[in-house]
Amino acid sequence: MTVRQPHPIEVRSYEILRSRVDLSPMPPLWRAVAERVIHATADLEYAVDLATREESLERGWDALRAGAPIVTDEGMVAAGISARETVCHAADPAAGRMARAAGIAAPAAAVRLAYAEVGPGAVWVVGSAPEAITEIIARRVSPALVIGVPAGFADACEAKEALRAAGLPQLSNVSEKGGSVVAAAAVNALLYAEAGRP
């Protein structure tokens with residue numbers, strides 16, 4: 001396995017980040033995710049905005065190490081995940097047809113298509129569509145981990161709160177912020193930790 005060599009700018013960014021916020025009390029995977037999200041967004045508030053449990057991240061980390069599929073809710077999240085291929089049916093015409101036929105939102109239809117393809121045990125990553133989180137909960141997809149961090153003033157916080165209440169292994173954030181960059185950064189943190197816990 002090739003060891004990842006970070007770019008010098010990334011190394012300097014982490015040095016600055018660590019000089020401004022001390023995340024050392026966090027468990028290792030939670031810290032790795034928080035640092036990568038802060039690095040990607042330059043937003044120190046994620047140190048207290050992210051909500052998860054180390055056991056949930058460990059479950060996701062183990063699943064990724066074992067080759068579990070990664071399902072994303074949009075192409076921008078998929079594009080931001082640098083170390084692995086992902087499953088994304090957001091632009092699939094079949095999702096549009098299913099959404100019209102079933103009277104559901106397109107992101108919910110994309111979740112149904114993805115689940116039919118990957119089955120239980122996947123890592124689900126939602127950076128944009130609250131409807132995808134709602135469908136993941138309703139479908140009972142038996143995920144290894146759900147990363148649910150859509151941004152927005154309408155429905156995003158409610159969906160993330162529902163995810164936390166559902167009892168699924170999850171990483172979310174409490175505030176209205178989030179988005180595809182945050183979602184991809186969280187996955188990348190776990191993927192980069194595959195060779196050994198940070």
# chains A, B, ... in the order shown; residues from 1 in each chain; ligands from 1
call {"tool": "select_by_dssp", "arguments": {"residues": "stretch 19-198 of chain A", "states": "alpha helix (DSSP H)", "output": "PyMOL selection string"}}
result
chain A and resi 19-20+28-41+46-49+54-65+75-80+93-102+106-118+130-139+156-165+180-192
call {"tool": "residues_around", "arguments": {"residues": "stretch 181-192 of chain A", "least_positions_apart": "2", "cutoff": "10 Å", "atoms": "only C-alpha atoms", "output": "short mmCIF file (atom, residue, chain, number, x, y, z; two decimals) with C-alpha atoms, in the first residue's frame"}}
result
data_model
loop_
_atom_site.label_atom_id
_atom_site.label_comp_id
_atom_site.auth_asym_id
_atom_site.auth_seq_id
_atom_site.Cartn_x
_atom_site.Cartn_y
_atom_site.Cartn_z
CA VAL A 3 1.75 5.90 1.87
CA ARG A 4 0.05 9.22 1.13
CA LEU A 29 -10.81 9.22 14.21
CA TRP A 30 -13.09 12.02 15.37
CA ARG A 31 -10.03 14.29 15.57
CA ALA A 32 -8.90 13.23 12.08
CA VAL A 33 -12.33 14.02 10.65
CA ALA A 34 -12.63 17.34 12.49
CA GLU A 35 -9.17 18.43 11.38
CA ARG A 36 -9.77 17.53 7.74
CA VAL A 37 -13.14 19.31 7.72
CA ILE A 38 -11.60 22.40 9.30
CA HIS A 39 -8.69 22.22 6.86
CA ALA A 40 -11.10 22.00 3.90
CA THR A 41 -13.36 24.82 5.08
CA TYR A 46 -16.55 22.61 13.10
CA LEU A 57 -16.40 6.29 12.92
CA GLU A 58 -14.56 3.08 13.78
CA GLY A 60 -17.12 3.22 9.03
CA TRP A 61 -13.32 3.00 9.04
CA ASP A 62 -13.45 -0.79 9.33
CA LEU A 64 -13.90 1.19 4.22
CA ARG A 65 -10.84 -0.93 4.95
CA ILE A 70 -19.32 4.54 -0.77
CA THR A 72 -22.95 9.76 -2.41
CA MET A 76 -19.78 17.14 -6.19
CA VAL A 77 -19.39 14.89 -3.15
CA ALA A 78 -18.24 12.05 -5.38
CA ALA A 79 -15.72 14.34 -7.11
CA GLY A 80 -14.28 15.39 -3.75
CA ILE A 81 -13.59 11.83 -2.58
CA SER A 82 -10.10 11.35 -3.90
CA ALA A 83 -9.06 7.86 -2.91
CA ARG A 84 -11.98 5.66 -4.01
CA VAL A 123 -20.93 4.10 3.76
CA TRP A 124 -23.56 6.71 2.79
CA VAL A 125 -22.44 10.29 2.27
CA VAL A 126 -24.94 13.15 2.01
CA GLY A 127 -23.64 16.65 1.38
CA SER A 128 -26.59 18.27 -0.29
CA ILE A 147 -22.21 11.00 6.91
CA GLY A 148 -25.04 13.53 6.72
CA VAL A 149 -23.99 17.16 6.49
CA PRO A 150 -26.29 18.97 4.03
CA ALA A 151 -26.27 22.76 4.28
CA LEU A 171 -21.53 11.77 11.55
CA SER A 172 -23.51 14.99 11.21
CA ASN A 173 -23.32 18.59 12.29
CA LYS A 177 -23.81 24.84 7.49
CA GLY A 178 -22.25 21.83 5.83
CA GLY A 179 -22.22 20.83 2.18
CA GLU A 194 -6.94 3.30 6.38
CA ALA A 195 -3.27 2.38 6.69
CA GLY A 196 -3.32 2.99 10.42
CA ARG A 197 -5.31 5.05 12.85
CA PRO A 198 -4.15 8.70 13.00
#
call {"tool": "residues_around", "arguments": {"residues": "A:Glu176", "least_positions_apart": "6", "cutoff": "10 Å", "atoms": "only C-alpha atoms", "output": "list in words"}}
result
Asp49, Val149, Pro150, Ala151, Gly152, Phe153, Ala154, Asp155, Ala156, Cys157, Glu158 and Lys160 of chain A
call {"tool": "write_last_selection", "arguments": {"atoms": "N, CA and C atoms", "output": "PDB file, in the first residue's frame"}}
result
ATOM      1  N   ASP A  49     -19.096  21.777  16.153  1.00  0.00           N
ATOM      2  CA  ASP A  49     -20.346  21.605  15.410  1.00  0.00           C
ATOM      3  C   ASP A  49     -20.579  20.158  14.973  1.00  0.00           C
ATOM      4  N   VAL A 149     -24.349  15.772   6.178  1.00  0.00           N
ATOM      5  CA  VAL A 149     -23.995  17.160   6.485  1.00  0.00           C
ATOM      6  C   VAL A 149     -24.526  18.146   5.437  1.00  0.00           C
ATOM      7  N   PRO A 150     -25.785  18.002   4.999  1.00  0.00           N
ATOM      8  CA  PRO A 150     -26.287  18.975   4.028  1.00  0.00           C
ATOM      9  C   PRO A 150     -26.382  20.369   4.649  1.00  0.00           C
ATOM     10  N   ALA A 151     -26.159  21.377   3.825  1.00  0.00           N
ATOM     11  CA  ALA A 151     -26.267  22.763   4.281  1.00  0.00           C
ATOM     12  C   ALA A 151     -27.618  23.317   3.874  1.00  0.00           C
ATOM     13  N   GLY A 152     -28.112  24.283   4.651  1.00  0.00           N
ATOM     14  CA  GLY A 152     -29.329  24.959   4.234  1.00  0.00           C
ATOM     15  C   GLY A 152     -30.185  25.384   5.402  1.00  0.00           C
ATOM     16  N   PHE A 153     -31.076  26.339   5.119  1.00  0.00           N
ATOM     17  CA  PHE A 153     -31.980  26.853   6.136  1.00  0.00           C
ATOM     18  C   PHE A 153     -33.300  26.090   6.167  1.00  0.00           C
ATOM     19  N   ALA A 154     -33.624  25.371   5.091  1.00  0.00           N
ATOM     20  CA  ALA A 154     -34.885  24.638   5.020  1.00  0.00           C
ATOM     21  C   ALA A 154     -34.604  23.141   5.020  1.00  0.00           C
ATOM     22  N   ASP A 155     -34.999  22.466   6.049  1.00  0.00           N
ATOM     23  CA  ASP A 155     -34.985  21.002   6.169  1.00  0.00           C
ATOM     24  C   ASP A 155     -33.629  20.379   6.504  1.00  0.00           C
ATOM     25  N   ALA A 156     -32.522  21.092   6.313  1.00  0.00           N
ATOM     26  CA  ALA A 156     -31.221  20.470   6.543  1.00  0.00           C
ATOM     27  C   ALA A 156     -31.015  20.118   8.019  1.00  0.00           C
ATOM     28  N   CYS A 157     -31.253  21.069   8.910  1.00  0.00           N
ATOM     29  CA  CYS A 157     -31.053  20.794  10.345  1.00  0.00           C
ATOM     30  C   CYS A 157     -32.001  19.712  10.833  1.00  0.00           C
ATOM     31  N   GLU A 158     -33.240  19.757  10.337  1.00  0.00           N
ATOM     32  CA  GLU A 158     -34.221  18.757  10.742  1.00  0.00           C
ATOM     33  C   GLU A 158     -33.801  17.358  10.306  1.00  0.00           C
ATOM     34  N   LYS A 160     -30.727  16.332   9.726  1.00  0.00           N
ATOM     35  CA  LYS A 160     -29.558  15.918  10.502  1.00  0.00           C
ATOM     36  C   LYS A 160     -29.958  15.518  11.923  1.00  0.00           C
TER      37      LYS A 160
END
call {"tool": "atom_distance", "arguments": {"atom1": "atom CA of A:Ser24", "atom2": "atom CA of A:Ala42"}}
result
18.1 Å
call {"tool": "atom_distance", "arguments": {"atom1": "atom CA of A:Ala101", "atom2": "atom CA of A:Gly75"}}
result
23.2 Å
call {"tool": "residues_around", "arguments": {"residues": "A:Val21", "least_positions_apart": "4", "cutoff": "10 Å", "atoms": "only C-alpha atoms", "output": "ChimeraX atom specification"}}
result
/A:16-17,35,38,44-45,47
call {"tool": "select_by_dssp", "arguments": {"residues": "stretch 30-186 of chain A", "states": "strand (DSSP E or B)", "output": "PyMOL selection string"}}
result
chain A and resi 50-52+70-72+87+123-126+145-148+170-173
call {"tool": "residues_around", "arguments": {"residues": "A:Glu135", "least_positions_apart": "3", "cutoff": "7 Å", "atoms": "only C-alpha atoms", "output": "ChimeraX atom specification"}}
result
/A:108,111,131-132,138-139
call {"tool": "write_last_selection", "arguments": {"atoms": "N, CA and C atoms", "output": "tab-separated table (two decimals), in the first residue's frame"}}
result
chain	number	residue	atom	x	y	z
A	108	ALA	N	-34.30	10.99	-3.04
A	108	ALA	CA	-34.83	9.78	-2.41
A	108	ALA	C	-34.83	8.62	-3.40
A	111	VAL	N	-31.39	7.23	-3.70
A	111	VAL	CA	-31.07	6.35	-2.58
A	111	VAL	C	-31.62	4.95	-2.83
A	131	GLU	N	-33.47	15.18	1.70
A	131	GLU	CA	-34.37	14.07	1.33
A	131	GLU	C	-33.63	12.74	1.27
A	132	ALA	N	-32.34	12.79	0.94
A	132	ALA	CA	-31.56	11.55	0.91
A	132	ALA	C	-31.42	10.98	2.32
A	138	ALA	N	-35.65	5.88	6.32
A	138	ALA	CA	-36.88	5.15	6.03
A	138	ALA	C	-36.62	3.79	5.38
A	139	ARG	N	-35.60	3.70	4.53
A	139	ARG	CA	-35.30	2.46	3.79
A	139	ARG	C	-34.65	1.42	4.67
call {"tool": "atom_distance", "arguments": {"atom1": "atom CA of A:Cys88", "atom2": "atom CA of A:Ser180"}}
result
13.2 Å
call {"tool": "closest_residue", "arguments": {"among": "A:Ala122, A:Pro28, A:Asp43, A:Leu163", "to": "A:Ala193", "atoms": "only C-alpha atoms"}}
result
A:Pro28
call {"tool": "closest_residue", "arguments": {"among": "A:Ala68, A:Ile133, A:Val174, A:Ala95", "to": "A:Arg112", "atoms": "only C-alpha atoms"}}
result
A:Ala95
